[in-house]
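Here is the structure we will look at, set down as C-alpha cells.
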Number of protein chains: 2
Amino acid sequence: MTTFKDLGEFGFIDRIARYGLARDDDVLCGIGDDCAVLRSDHGQVLLFTTDTMVEEVHFLSSASQPEDLGYKLLAVNVSDIAAMGGEPRHAVISVAIPPDLDVATMDRFYDGLYECAEQFGVSIAGGDTTRSPGPVALTLSLVGRMGSDRVCYRSGARPGDLIYVSGTLGDSAAGLELVLGRDVPLAAADREHFLRRHHRPEPRVALGRALAESGAVTAMIDLSDGVASDLRHICARSDVSAVIAGASLPLSPAYRAYCAAAEIDPLSLALTGGEDYELLFTVEADRADRLEALGGRDGLPPPTRIGRIEAGDPQVLLENAEGYLEQFDASGYDHFRPGRGGR
Amino acid sequence: MTTFKDLGEFGFIDRIARYGLARDDDVLCGIGDDCAVLRSDHGQVLLFTTDTMVEEVHFLSSASQPEDLGYKLLAVNVSDIAAMGGEPRHAVISVAIPPDLDVATMDRFYDGLYECAEQFGVSIAGGDTTRSPGPVALTLSLVGRMGSDRVCYRSGARPGDLIYVSGTLGDSAAGLELVLGRDVPLAAADREHFLRRHHRPEPRVALGRALAESGAVTAMIDLSDGVASDLRHICARSDVSAVIAGASLPLSPAYRAYCAAAEIDPLSLALTGGEDYELLFTVEADRADRLEALGGRDGLPPPTRIGRIEAGDPQVLLENAEGYLEQFDASGYDHFRPGRGGR
C-alpha cells in the first residue's frame with residue numbers, strides 16, 4: 001500500500017495530472033500554476049483558485065485569533081490571484097465545523113473574512129456549511145479576472161531574465177516561530193510586526209496588476225512555501241535554472257535583529273520559511289528599468305532584484321559573497337557543489 | 001454560549017447574511033439560492049457554487065465506494081447549476097486527507113470524479129491538497145454560465161403557478177436506508193436501482209437548461225433535502241404558500257414495493273427523504289402546456305405536476321385524497337390543521 005505520506009503533496013499532484021486536466025479548450029492553464037486560467041469572453045480570462053485551512057495543520061486554535069483565520073483564508077487566495085496579475089472578484093466559502101463550536105468564534109472568523117473582503121473588493125457570494133466530527137476545516141474558492149494577454153504564468157522565465165521579489169522575506173516565518181512558542185527577547189513593536197506579518201499577510205494585488213500591465217514580467221508566483229521552494233516551481237515550469245545572490249535578499253532590520261537574538265541564520269529562514277505572500281517574478285533584463293520604476297509609485301512596495309535566470313536543469317542555486325554557488329532545497333541547504341563562478 | 005448545534009444550519013446562514021453579502025453590484029444573487037449569480041459580460045452570468053462532503057457525516061467509508069464519492073461530489077454541485085438552468089463548466093477541488101490514507105483510495109475517488117466530469121462536460125481545472133488529522137473532507141467548487149435573462153431563481157413563484165418535479169421521488173432515500181443496513185427483502189435489480197440512485201445521482205442539466213430556455217419556469221430548486229424542505233425554500237424566497245397533492249407524487253414501482261416490504265409510508269419518505277437531485281419548479285398555469293410538451297423530448301425526463309402555489313404565509317401543505325390539507329415540515333407531518341377545501 002502506498003500512502004499519501006509516501007507520495008507527498010507534489011507526487012500526488014503529478015498523479016492527478018495524468019487524468020489530462022486541460023482537455024477542455026477553454027482551460028488555458030489547469031494544475032501547475034497559482035490559479036486555473038479559463039478562457040472567458042472578449043479577451044478576458046477567469047482566474048479560479050481554492051485553498052483549505054485545517055485546524056491543527058494550518059492553524060492552532062489555541063494560538064490563533066478567529067478574526068485572523070478569516071482574514072488569512074481569504075488573503076492567501078487573493079494572493080494566488082495577485083500572482084497571475086489579476087483582480088480578485090467573488091468567493092464562496094465552505095466551513096466544516098463541530099456542532100459544539102461556539103457561534104461567537106465563527107462570528108469573529110467572519111468579521112476577519114469580511115475585513116479582508118472589503119479591503120480587496122471581494123464579495124463573499126455564497127457557501128456551504130456542514131458538520132465535522134473532527135477538526136474545523138475551512139475552504140475558500142475565489143474567482144478573479146484579467147485580460148488574457150497579460151496573464152503572468154510560472155512558465156515564461158528565460159535565461160538572462162532577472163529575478164525580483166517584493167517586500168521583505170522571513171518576517172512571517174519569525175512570526176510563526178513566536179506563535180509556536182519560541183522564546184526570543186524582542187521589542188514589543190517587533191514582536192507585533194512579526195505576528196502581524198504571519199497572521200495578516202498582505203497579498204500584493206496592486207503590485208501584481210501593475211506588473212502584469214507593464215508587460216515586463218516573464219514569470220510570477222506568490223511566496224507561500226518560501227523562495228527556495230517557490231522559485232523551484234518557476235524553474236520547473238520554465239525549464240531553467242536560477243541563481244540567487246544571498247547578500248541581495250531584502251530583510252527587514254527587525255528580522256535581522258530577531259535572527260541575531262535567536263541565533264539563527266537569517267538567510268536560511270528567509271529562503272525556506274513560508275507564508276511571506278510576497279510576489280516573486282522574473283523580468284527581461286532590458287526591461288528591468290521599466291520594472292524598477294514601478295517601485296514606490298502609487299504606494300507600491302519596491303521590488304528588490306535577488307538573482308538571475310540561467311540555462312540548465314531546473315534548480316535553485318545560492319551565490320554567496322565569495323561567488324560560490326550552493327544548491328539547496330526547500331528543507332534547507334541539502335546538497336553542496338563547487339561554484340561555477342559568480343559574475 | 002451559543003453553539004452551532006443550537007443555531008442550526010439555516011440559523012447560521014441567516015446570521016452570515018447580516019454582513020450584507022450582495023453590496024457588490026455584480027452579485028445578482030448571493031446566499032439564498034442554489035448558486036451565487038454573478039454578472040459577467042454581454043448578458044451572461046457566472047454561476048458559482050460549492051459543496052463539501054465530510055467522512056462520517058456525508059458518507060461512511062465502510063459503506064461507500066471511493067468512485068461513487070468522487071462521482072457524487074461533482075454531481076451534487078452540477079445539480080446546483082442545473083437548478084438555475086445553467087451549463088456547468090469548470091471545477092476546483094480541495095481534499096483534506098489523513099497522511100496514512102491509501103493512495104489507491106484517492107485514485108478510485110478521482111476515477112469517479114472524472115467519470116462525472118466527462119459526462120457533464122466539466123473540466124477539473126485545479127485544486128488544493130492538504131493533510132487532515134481527522135476525517136476526510138472534500139470540497140468542490142464549480143462555476144457555470146448562462147444568459148442572465150434566463151436564470152431560474154427560487155424567488156419567482158406566484159399564486160396560481162403549478163408545481164412540477166422531474167423523475168421519481170424517494171428512491172435515493174430508500175438507497176440510503178439500505179446503505180445504513182436496513183434489512184428489507186428485495187429483488188437484486190431493485191436493490192441495485194436504489195443504491196445507484198443514492199450513490200450516483202443524475203443531475204438534470206439538460207432538463208434544467210431546456211426549462212430555462214422555455215421561459216415558462218418562475219422558480220426552480222434541486223431536491224437535496226426533500227420536497228418538504230426544498231419547496232419551503234421556494235415558498236420563503238417567493239413569499240407564497242404551496243399545496244401538494246399527495247396522490248400525484250411520482251413514485252417508482254420499485255419504490256412502492258420497497259415501502260410495502262419495509263412497512264413505511266411511501267409519501268412520508270418521498271417528501272422528507274433527501275438526495276433525489278431531481279428538479280422542483282413552478283410554472284405559470286397558462287404556460288403549462290408548453291412545459292409538459294418538453295417531457296420525453298430529446299430524452300428529457302417527463303415532469304410531473306404535483307401541486308400549486310397559493311397566496312399566503314410561506315408553508316407547504318399536503319392535500320390528501322379527501323381534499324384535507326395537512327401542514328408538515330422537513331422532519332415529517334408535524335402539525336395538522338383542518339382542510340381549507342381542495343380543488
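Scheme for the C-alpha cells: letters A, B, ... for chains in order shown; per-chain residue numbers from 1; ligand numbers from 1 in order shown.
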
Open item on the list: Based on the backbone DSSP call, show me all residues of range 106-313 of chain B assigned strand (DSSP E), as JSON, numbers by chain.
Closed with: {"B": [123, 124, 125, 126, 127, 128, 129, 130, 131, 137, 138, 139, 140, 141, 142, 143, 144, 145, 146, 147, 162, 163, 164, 165, 217, 218, 219, 220, 221, 222, 241, 242, 243, 244, 245, 279, 280, 281, 282, 283, 304, 305, 306, 307, 308, 309, 310]}

Please produce a file of those selected residues containing C-alpha atoms, as a PDB file, in the first residue's frame.
ATOM      1  CA  SER B 123     -13.126  20.353 -16.518  1.00  0.00           C
ATOM      2  CA  ILE B 124     -11.348  19.848 -13.214  1.00  0.00           C
ATOM      3  CA  ALA B 125      -9.135  22.886 -13.501  1.00  0.00           C
ATOM      4  CA  GLY B 126      -7.209  22.876 -10.249  1.00  0.00           C
ATOM      5  CA  GLY B 127      -7.298  22.295  -6.548  1.00  0.00           C
ATOM      6  CA  ASP B 128      -5.595  22.113  -3.214  1.00  0.00           C
ATOM      7  CA  THR B 129      -4.356  19.080  -1.316  1.00  0.00           C
ATOM      8  CA  THR B 130      -3.810  19.214   2.407  1.00  0.00           C
ATOM      9  CA  ARG B 131      -3.328  16.955   5.348  1.00  0.00           C
ATOM     10  CA  ALA B 137     -13.082  16.368   3.924  1.00  0.00           C
ATOM     11  CA  LEU B 138     -13.715  17.004   0.241  1.00  0.00           C
ATOM     12  CA  THR B 139     -14.806  20.373  -1.129  1.00  0.00           C
ATOM     13  CA  LEU B 140     -15.631  21.011  -4.743  1.00  0.00           C
ATOM     14  CA  SER B 141     -16.358  24.425  -6.188  1.00  0.00           C
ATOM     15  CA  LEU B 142     -17.920  24.756  -9.602  1.00  0.00           C
ATOM     16  CA  VAL B 143     -18.586  27.603 -11.987  1.00  0.00           C
ATOM     17  CA  GLY B 144     -21.146  27.535 -14.752  1.00  0.00           C
ATOM     18  CA  ARG B 145     -22.686  30.030 -17.121  1.00  0.00           C
ATOM     19  CA  MET B 146     -25.912  31.031 -18.806  1.00  0.00           C
ATOM     20  CA  GLY B 147     -27.772  34.030 -20.189  1.00  0.00           C
ATOM     21  CA  LEU B 162     -48.279  24.968 -10.937  1.00  0.00           C
ATOM     22  CA  ILE B 163     -45.616  22.886  -9.192  1.00  0.00           C
ATOM     23  CA  TYR B 164     -43.680  20.199 -11.059  1.00  0.00           C
ATOM     24  CA  VAL B 165     -40.981  17.708 -10.260  1.00  0.00           C
ATOM     25  CA  VAL B 217     -40.457  28.475 -15.267  1.00  0.00           C
ATOM     26  CA  THR B 218     -40.982  31.004 -12.471  1.00  0.00           C
ATOM     27  CA  ALA B 219     -38.910  29.318  -9.725  1.00  0.00           C
ATOM     28  CA  MET B 220     -36.622  26.296  -9.521  1.00  0.00           C
ATOM     29  CA  ILE B 221     -34.560  24.357  -6.961  1.00  0.00           C
ATOM     30  CA  ASP B 222     -32.900  20.963  -6.909  1.00  0.00           C
ATOM     31  CA  SER B 241     -47.679  29.074   0.075  1.00  0.00           C
ATOM     32  CA  ALA B 242     -47.654  25.683  -1.666  1.00  0.00           C
ATOM     33  CA  VAL B 243     -50.171  22.849  -1.797  1.00  0.00           C
ATOM     34  CA  ILE B 244     -49.016  19.383  -2.841  1.00  0.00           C
ATOM     35  CA  ALA B 245     -51.464  16.652  -3.884  1.00  0.00           C
ATOM     36  CA  LEU B 279     -35.638  19.445 -10.237  1.00  0.00           C
ATOM     37  CA  LEU B 280     -38.577  21.017  -8.443  1.00  0.00           C
ATOM     38  CA  PHE B 281     -40.025  24.004 -10.269  1.00  0.00           C
ATOM     39  CA  THR B 282     -43.046  26.227 -10.698  1.00  0.00           C
ATOM     40  CA  VAL B 283     -44.684  27.255 -13.963  1.00  0.00           C
ATOM     41  CA  THR B 304     -44.940  15.500 -13.139  1.00  0.00           C
ATOM     42  CA  ARG B 305     -47.375  18.099 -11.842  1.00  0.00           C
ATOM     43  CA  ILE B 306     -47.583  17.701  -8.059  1.00  0.00           C
ATOM     44  CA  GLY B 307     -49.343  20.825  -6.802  1.00  0.00           C
ATOM     45  CA  ARG B 308     -49.990  24.534  -6.983  1.00  0.00           C
ATOM     46  CA  ILE B 309     -48.780  27.808  -5.487  1.00  0.00           C
ATOM     47  CA  GLU B 310     -51.233  29.867  -3.420  1.00  0.00           C
TER      48      GLU B 310
END

TODO: Select all residues from chain B having any atom no more than 7 Å from an atom of chain A (counting only C-alpha atoms, ignoring ligands), output as number ranges by chain.
DONE: B: 1-5, 9, 21, 24, 27, 30-31, 36, 49-52, 54, 57, 92, 94, 99-103, 123-129, 131-132, 134-135, 141

Residue selection dump (N, CA and C atoms) as a compact mmCIF listing (two decimals), in the first residue's frame:
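What landed in again-v1.txt:
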# COMPACT_ATOMS: atom_id res chain seq x y z
N MET B 1 -23.11 30.52 26.19
CA MET B 1 -22.51 30.24 24.87
C MET B 1 -23.55 29.61 23.94
N THR B 2 -23.62 30.10 22.74
CA THR B 2 -24.50 29.52 21.72
C THR B 2 -23.65 28.68 20.79
N THR B 3 -24.04 27.44 20.60
CA THR B 3 -23.25 26.59 19.71
C THR B 3 -23.91 26.51 18.35
N PHE B 4 -23.17 25.98 17.42
CA PHE B 4 -23.66 25.75 16.07
C PHE B 4 -24.87 24.81 16.11
N LYS B 5 -24.84 23.85 17.03
CA LYS B 5 -25.94 22.90 17.19
C LYS B 5 -27.22 23.63 17.57
N GLU B 9 -28.22 24.91 10.80
CA GLU B 9 -27.60 25.36 9.56
C GLU B 9 -28.25 26.64 9.03
N LEU B 21 -24.15 40.55 1.96
CA LEU B 21 -23.30 39.82 1.03
C LEU B 21 -23.31 40.43 -0.36
N ASP B 24 -21.94 44.26 -3.65
CA ASP B 24 -21.32 44.37 -4.97
C ASP B 24 -22.40 44.33 -6.04
N VAL B 27 -23.04 41.13 -7.96
CA VAL B 27 -23.64 39.95 -7.34
C VAL B 27 -25.15 40.05 -7.51
N GLY B 30 -26.67 36.40 -3.99
CA GLY B 30 -25.65 35.81 -3.12
C GLY B 30 -26.25 34.61 -2.40
N ILE B 31 -26.03 34.54 -1.11
CA ILE B 31 -26.60 33.44 -0.32
C ILE B 31 -28.11 33.37 -0.49
N ALA B 36 -24.54 31.16 -6.35
CA ALA B 36 -24.37 32.60 -6.47
C ALA B 36 -24.46 32.94 -7.95
N THR B 49 -20.87 27.80 -7.20
CA THR B 49 -21.41 27.02 -6.09
C THR B 49 -20.31 26.16 -5.47
N THR B 50 -20.52 25.72 -4.24
CA THR B 50 -19.55 24.87 -3.56
C THR B 50 -20.27 23.89 -2.66
N ASP B 51 -19.75 22.69 -2.54
CA ASP B 51 -20.31 21.69 -1.64
C ASP B 51 -19.20 20.86 -1.03
N THR B 52 -19.40 20.52 0.22
CA THR B 52 -18.41 19.75 0.97
C THR B 52 -18.99 18.41 1.39
N VAL B 54 -18.02 15.41 4.15
CA VAL B 54 -17.14 15.05 5.26
C VAL B 54 -17.41 13.59 5.64
N VAL B 57 -20.06 12.10 8.14
CA VAL B 57 -21.23 12.98 8.13
C VAL B 57 -22.01 12.76 6.83
N VAL B 92 -12.81 23.39 -9.22
CA VAL B 92 -11.58 23.17 -8.46
C VAL B 92 -11.96 22.33 -7.26
N SER B 94 -10.74 20.66 -3.45
CA SER B 94 -9.84 20.69 -2.31
C SER B 94 -10.05 19.42 -1.50
N PRO B 99 -2.65 11.48 6.33
CA PRO B 99 -1.42 11.08 5.63
C PRO B 99 -1.32 9.57 5.41
N ASP B 100 -1.99 8.77 6.24
CA ASP B 100 -1.84 7.32 6.09
C ASP B 100 -2.92 6.71 5.21
N LEU B 101 -3.67 7.55 4.52
CA LEU B 101 -4.69 7.03 3.59
C LEU B 101 -4.01 6.37 2.40
N ASP B 102 -4.56 5.25 1.99
CA ASP B 102 -4.02 4.54 0.82
C ASP B 102 -4.25 5.39 -0.43
N VAL B 103 -3.19 5.62 -1.18
CA VAL B 103 -3.30 6.43 -2.40
C VAL B 103 -4.28 5.79 -3.38
N SER B 123 -14.56 20.58 -16.67
CA SER B 123 -13.13 20.35 -16.52
C SER B 123 -12.72 20.59 -15.07
N ILE B 124 -11.92 19.68 -14.55
CA ILE B 124 -11.35 19.85 -13.21
C ILE B 124 -10.09 20.67 -13.42
N ALA B 125 -10.16 21.94 -13.06
CA ALA B 125 -9.14 22.89 -13.50
C ALA B 125 -8.05 23.14 -12.46
N GLY B 126 -8.23 22.64 -11.25
CA GLY B 126 -7.21 22.88 -10.25
C GLY B 126 -7.68 22.42 -8.89
N GLY B 127 -6.89 22.72 -7.87
CA GLY B 127 -7.30 22.29 -6.55
C GLY B 127 -6.24 22.54 -5.50
N ASP B 128 -6.48 21.96 -4.36
CA ASP B 128 -5.59 22.11 -3.21
C ASP B 128 -5.61 20.78 -2.47
N THR B 129 -4.44 20.34 -2.06
CA THR B 129 -4.36 19.08 -1.32
C THR B 129 -3.70 19.35 0.02
N ARG B 131 -3.25 17.98 4.33
CA ARG B 131 -3.33 16.95 5.35
C ARG B 131 -4.53 17.22 6.25
N SER B 132 -5.14 16.16 6.77
CA SER B 132 -6.15 16.31 7.81
C SER B 132 -5.83 15.34 8.92
N GLY B 134 -8.00 14.51 10.96
CA GLY B 134 -9.30 13.90 11.27
C GLY B 134 -9.89 13.24 10.05
N PRO B 135 -11.18 13.42 9.86
CA PRO B 135 -11.87 12.76 8.76
C PRO B 135 -11.46 13.35 7.41
N SER B 141 -15.74 23.17 -5.78
CA SER B 141 -16.36 24.43 -6.19
C SER B 141 -16.46 24.43 -7.70

Could you give me, as a PDB file with all heavy atoms, in the first residue's frame, the residues within 9 Å of Val78 in chain B, counting only C-alpha atoms and dropping anything in the same chain fewer than 2 positions from it?
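Written out: part.pdb:
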ATOM      1  N   THR B  49     -20.871  27.801  -7.203  1.00  0.00           N
ATOM      2  CA  THR B  49     -21.406  27.017  -6.088  1.00  0.00           C
ATOM      3  C   THR B  49     -20.312  26.160  -5.466  1.00  0.00           C
ATOM      4  O   THR B  49     -19.284  25.907  -6.098  1.00  0.00           O
ATOM      5  CB  THR B  49     -22.587  26.132  -6.555  1.00  0.00           C
ATOM      6  OG1 THR B  49     -23.175  25.490  -5.427  1.00  0.00           O
ATOM      7  CG2 THR B  49     -22.138  25.074  -7.557  1.00  0.00           C
ATOM      8  N   LEU B  73     -19.701  13.861  -5.445  1.00  0.00           N
ATOM      9  CA  LEU B  73     -19.265  15.206  -5.035  1.00  0.00           C
ATOM     10  C   LEU B  73     -19.412  16.190  -6.190  1.00  0.00           C
ATOM     11  O   LEU B  73     -19.876  17.317  -6.010  1.00  0.00           O
ATOM     12  CB  LEU B  73     -17.808  15.181  -4.555  1.00  0.00           C
ATOM     13  CG  LEU B  73     -17.236  16.541  -4.145  1.00  0.00           C
ATOM     14  CD1 LEU B  73     -18.017  17.146  -2.983  1.00  0.00           C
ATOM     15  CD2 LEU B  73     -15.760  16.419  -3.781  1.00  0.00           C
ATOM     16  N   LEU B  74     -19.048  15.772  -7.380  1.00  0.00           N
ATOM     17  CA  LEU B  74     -19.233  16.661  -8.528  1.00  0.00           C
ATOM     18  C   LEU B  74     -20.715  16.743  -8.909  1.00  0.00           C
ATOM     19  O   LEU B  74     -21.235  17.830  -9.189  1.00  0.00           O
ATOM     20  CB  LEU B  74     -18.398  16.196  -9.721  1.00  0.00           C
ATOM     21  CG  LEU B  74     -18.544  17.033 -10.997  1.00  0.00           C
ATOM     22  CD1 LEU B  74     -18.283  18.519 -10.743  1.00  0.00           C
ATOM     23  CD2 LEU B  74     -17.588  16.525 -12.086  1.00  0.00           C
ATOM     24  N   ALA B  75     -21.403  15.605  -8.876  1.00  0.00           N
ATOM     25  CA  ALA B  75     -22.800  15.574  -9.319  1.00  0.00           C
ATOM     26  C   ALA B  75     -23.686  16.516  -8.507  1.00  0.00           C
ATOM     27  O   ALA B  75     -24.559  17.189  -9.069  1.00  0.00           O
ATOM     28  CB  ALA B  75     -23.348  14.147  -9.255  1.00  0.00           C
ATOM     29  N   VAL B  76     -23.461  16.592  -7.203  1.00  0.00           N
ATOM     30  CA  VAL B  76     -24.327  17.448  -6.390  1.00  0.00           C
ATOM     31  C   VAL B  76     -24.070  18.929  -6.687  1.00  0.00           C
ATOM     32  O   VAL B  76     -24.974  19.757  -6.612  1.00  0.00           O
ATOM     33  CB  VAL B  76     -24.194  17.161  -4.872  1.00  0.00           C
ATOM     34  CG1 VAL B  76     -24.539  15.704  -4.589  1.00  0.00           C
ATOM     35  CG2 VAL B  76     -22.808  17.499  -4.345  1.00  0.00           C
ATOM     36  N   ASP B  80     -26.655  21.823  -8.580  1.00  0.00           N
ATOM     37  CA  ASP B  80     -26.909  23.225  -8.200  1.00  0.00           C
ATOM     38  C   ASP B  80     -26.921  24.130  -9.430  1.00  0.00           C
ATOM     39  O   ASP B  80     -27.701  25.080  -9.510  1.00  0.00           O
ATOM     40  CB  ASP B  80     -25.833  23.720  -7.219  1.00  0.00           C
ATOM     41  CG  ASP B  80     -26.059  23.195  -5.804  1.00  0.00           C
ATOM     42  OD1 ASP B  80     -27.227  22.996  -5.417  1.00  0.00           O
ATOM     43  OD2 ASP B  80     -25.057  22.991  -5.097  1.00  0.00           O
ATOM     44  N   ILE B  81     -26.029  23.862 -10.358  1.00  0.00           N
ATOM     45  CA  ILE B  81     -26.005  24.642 -11.610  1.00  0.00           C
ATOM     46  C   ILE B  81     -27.280  24.347 -12.412  1.00  0.00           C
ATOM     47  O   ILE B  81     -27.927  25.263 -12.952  1.00  0.00           O
ATOM     48  CB  ILE B  81     -24.755  24.294 -12.452  1.00  0.00           C
ATOM     49  CG1 ILE B  81     -23.458  24.560 -11.673  1.00  0.00           C
ATOM     50  CG2 ILE B  81     -24.783  25.039 -13.792  1.00  0.00           C
ATOM     51  CD1 ILE B  81     -22.972  25.969 -11.645  1.00  0.00           C
ATOM     52  N   ALA B  82     -27.646  23.058 -12.472  1.00  0.00           N
ATOM     53  CA  ALA B  82     -28.854  22.656 -13.203  1.00  0.00           C
ATOM     54  C   ALA B  82     -30.086  23.357 -12.643  1.00  0.00           C
ATOM     55  O   ALA B  82     -30.997  23.722 -13.390  1.00  0.00           O
ATOM     56  CB  ALA B  82     -29.035  21.142 -13.139  1.00  0.00           C
ATOM     57  N   ALA B  83     -30.100  23.559 -11.331  1.00  0.00           N
ATOM     58  CA  ALA B  83     -31.263  24.155 -10.670  1.00  0.00           C
ATOM     59  C   ALA B  83     -31.453  25.627 -11.020  1.00  0.00           C
ATOM     60  O   ALA B  83     -32.515  26.206 -10.773  1.00  0.00           O
ATOM     61  CB  ALA B  83     -31.156  23.989  -9.156  1.00  0.00           C
ATOM     62  N   GLU B  87     -25.252  25.926 -17.444  1.00  0.00           N
ATOM     63  CA  GLU B  87     -24.329  24.944 -18.007  1.00  0.00           C
ATOM     64  C   GLU B  87     -23.103  24.863 -17.097  1.00  0.00           C
ATOM     65  O   GLU B  87     -22.398  25.857 -16.916  1.00  0.00           O
ATOM     66  CB  GLU B  87     -23.902  25.410 -19.409  1.00  0.00           C
ATOM     67  CG  GLU B  87     -22.882  24.535 -20.079  1.00  0.00           C
ATOM     68  CD  GLU B  87     -22.232  25.196 -21.303  1.00  0.00           C
ATOM     69  OE1 GLU B  87     -22.513  26.396 -21.561  1.00  0.00           O
ATOM     70  OE2 GLU B  87     -21.449  24.539 -21.968  1.00  0.00           O
ATOM     71  N   PRO B  88     -22.811  23.686 -16.514  1.00  0.00           N
ATOM     72  CA  PRO B  88     -21.631  23.562 -15.652  1.00  0.00           C
ATOM     73  C   PRO B  88     -20.361  23.618 -16.498  1.00  0.00           C
ATOM     74  O   PRO B  88     -20.335  23.093 -17.606  1.00  0.00           O
ATOM     75  CB  PRO B  88     -21.808  22.182 -15.009  1.00  0.00           C
ATOM     76  CG  PRO B  88     -22.643  21.408 -15.976  1.00  0.00           C
ATOM     77  CD  PRO B  88     -23.543  22.417 -16.656  1.00  0.00           C
ATOM     78  N   PHE B 120     -20.624  15.355 -17.889  1.00  0.00           N
ATOM     79  CA  PHE B 120     -21.297  16.650 -17.901  1.00  0.00           C
ATOM     80  C   PHE B 120     -20.436  17.762 -18.495  1.00  0.00           C
ATOM     81  O   PHE B 120     -20.780  18.944 -18.383  1.00  0.00           O
ATOM     82  CB  PHE B 120     -21.774  17.013 -16.489  1.00  0.00           C
ATOM     83  CG  PHE B 120     -22.873  16.105 -16.016  1.00  0.00           C
ATOM     84  CD1 PHE B 120     -22.598  15.021 -15.199  1.00  0.00           C
ATOM     85  CD2 PHE B 120     -24.175  16.298 -16.460  1.00  0.00           C
ATOM     86  CE1 PHE B 120     -23.610  14.162 -14.800  1.00  0.00           C
ATOM     87  CE2 PHE B 120     -25.195  15.443 -16.069  1.00  0.00           C
ATOM     88  CZ  PHE B 120     -24.910  14.364 -15.243  1.00  0.00           C
ATOM     89  N   VAL B 122     -17.527  18.929 -17.670  1.00  0.00           N
ATOM     90  CA  VAL B 122     -16.868  19.805 -16.695  1.00  0.00           C
ATOM     91  C   VAL B 122     -15.369  19.540 -16.730  1.00  0.00           C
ATOM     92  O   VAL B 122     -14.943  18.389 -16.842  1.00  0.00           O
ATOM     93  CB  VAL B 122     -17.407  19.518 -15.279  1.00  0.00           C
ATOM     94  CG1 VAL B 122     -16.579  20.237 -14.214  1.00  0.00           C
ATOM     95  CG2 VAL B 122     -18.875  19.904 -15.175  1.00  0.00           C
ATOM     96  N   LEU B 142     -17.600  24.886  -8.182  1.00  0.00           N
ATOM     97  CA  LEU B 142     -17.920  24.756  -9.602  1.00  0.00           C
ATOM     98  C   LEU B 142     -18.454  26.073 -10.129  1.00  0.00           C
ATOM     99  O   LEU B 142     -19.266  26.729  -9.473  1.00  0.00           O
ATOM    100  CB  LEU B 142     -18.985  23.653  -9.751  1.00  0.00           C
ATOM    101  CG  LEU B 142     -19.537  23.356 -11.148  1.00  0.00           C
ATOM    102  CD1 LEU B 142     -18.446  22.822 -12.071  1.00  0.00           C
ATOM    103  CD2 LEU B 142     -20.679  22.344 -11.060  1.00  0.00           C
ATOM    104  N   GLY B 144     -20.372  27.815 -13.550  1.00  0.00           N
ATOM    105  CA  GLY B 144     -21.146  27.535 -14.752  1.00  0.00           C
ATOM    106  C   GLY B 144     -21.547  28.853 -15.374  1.00  0.00           C
ATOM    107  O   GLY B 144     -21.173  29.928 -14.888  1.00  0.00           O
ATOM    108  N   PRO B 203     -27.720  14.565 -12.071  1.00  0.00           N
ATOM    109  CA  PRO B 203     -28.163  15.958 -12.121  1.00  0.00           C
ATOM    110  C   PRO B 203     -28.853  16.242 -13.450  1.00  0.00           C
ATOM    111  O   PRO B 203     -28.411  15.780 -14.495  1.00  0.00           O
ATOM    112  CB  PRO B 203     -26.874  16.755 -11.968  1.00  0.00           C
ATOM    113  CG  PRO B 203     -25.757  15.799 -12.214  1.00  0.00           C
ATOM    114  CD  PRO B 203     -26.269  14.445 -11.892  1.00  0.00           C
ATOM    115  N   ARG B 204     -29.936  16.996 -13.392  1.00  0.00           N
ATOM    116  CA  ARG B 204     -30.804  17.192 -14.555  1.00  0.00           C
ATOM    117  C   ARG B 204     -30.396  18.418 -15.358  1.00  0.00           C
ATOM    118  O   ARG B 204     -31.173  19.375 -15.523  1.00  0.00           O
ATOM    119  CB  ARG B 204     -32.249  17.308 -14.078  1.00  0.00           C
ATOM    120  CG  ARG B 204     -32.748  16.099 -13.302  1.00  0.00           C
ATOM    121  CD  ARG B 204     -32.704  14.843 -14.142  1.00  0.00           C
ATOM    122  NE  ARG B 204     -33.401  13.719 -13.491  1.00  0.00           N
ATOM    123  CZ  ARG B 204     -33.415  12.494 -13.982  1.00  0.00           C
ATOM    124  NH1 ARG B 204     -32.775  12.222 -15.121  1.00  0.00           N
ATOM    125  NH2 ARG B 204     -34.062  11.538 -13.351  1.00  0.00           N
ATOM    126  N   VAL B 205     -29.178  18.381 -15.869  1.00  0.00           N
ATOM    127  CA  VAL B 205     -28.631  19.545 -16.574  1.00  0.00           C
ATOM    128  C   VAL B 205     -29.417  19.840 -17.851  1.00  0.00           C
ATOM    129  O   VAL B 205     -29.837  20.979 -18.088  1.00  0.00           O
ATOM    130  CB  VAL B 205     -27.142  19.330 -16.911  1.00  0.00           C
ATOM    131  CG1 VAL B 205     -26.609  20.493 -17.740  1.00  0.00           C
ATOM    132  CG2 VAL B 205     -26.333  19.176 -15.636  1.00  0.00           C
TER     133      VAL B 205
END

Task: Long-range neighbours of range 262-273 of chain A as a list of chain:residue names, 6 Å cut-off, only C-alpha atoms, 2 positions minimum in chain - done: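 In the requested format, the answer is A:Leu169, A:Gly170, A:Ala173, A:Val184, A:Gly226, A:Val227, A:Ala228, A:Tyr258, A:Cys259, A:Ala260, A:Ala330.
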
Open item on the list: Please extract the residues of range 75-311 of chain A with a backbone DSSP assignment of helix (DSSP H, G or I) and present them as number ranges by chain.
Closed with: A: 75-82, 103-120, 148-150, 171-179, 188-199, 205-214, 227-238, 246-248, 253-262, 266-272, 285-294, 297-299
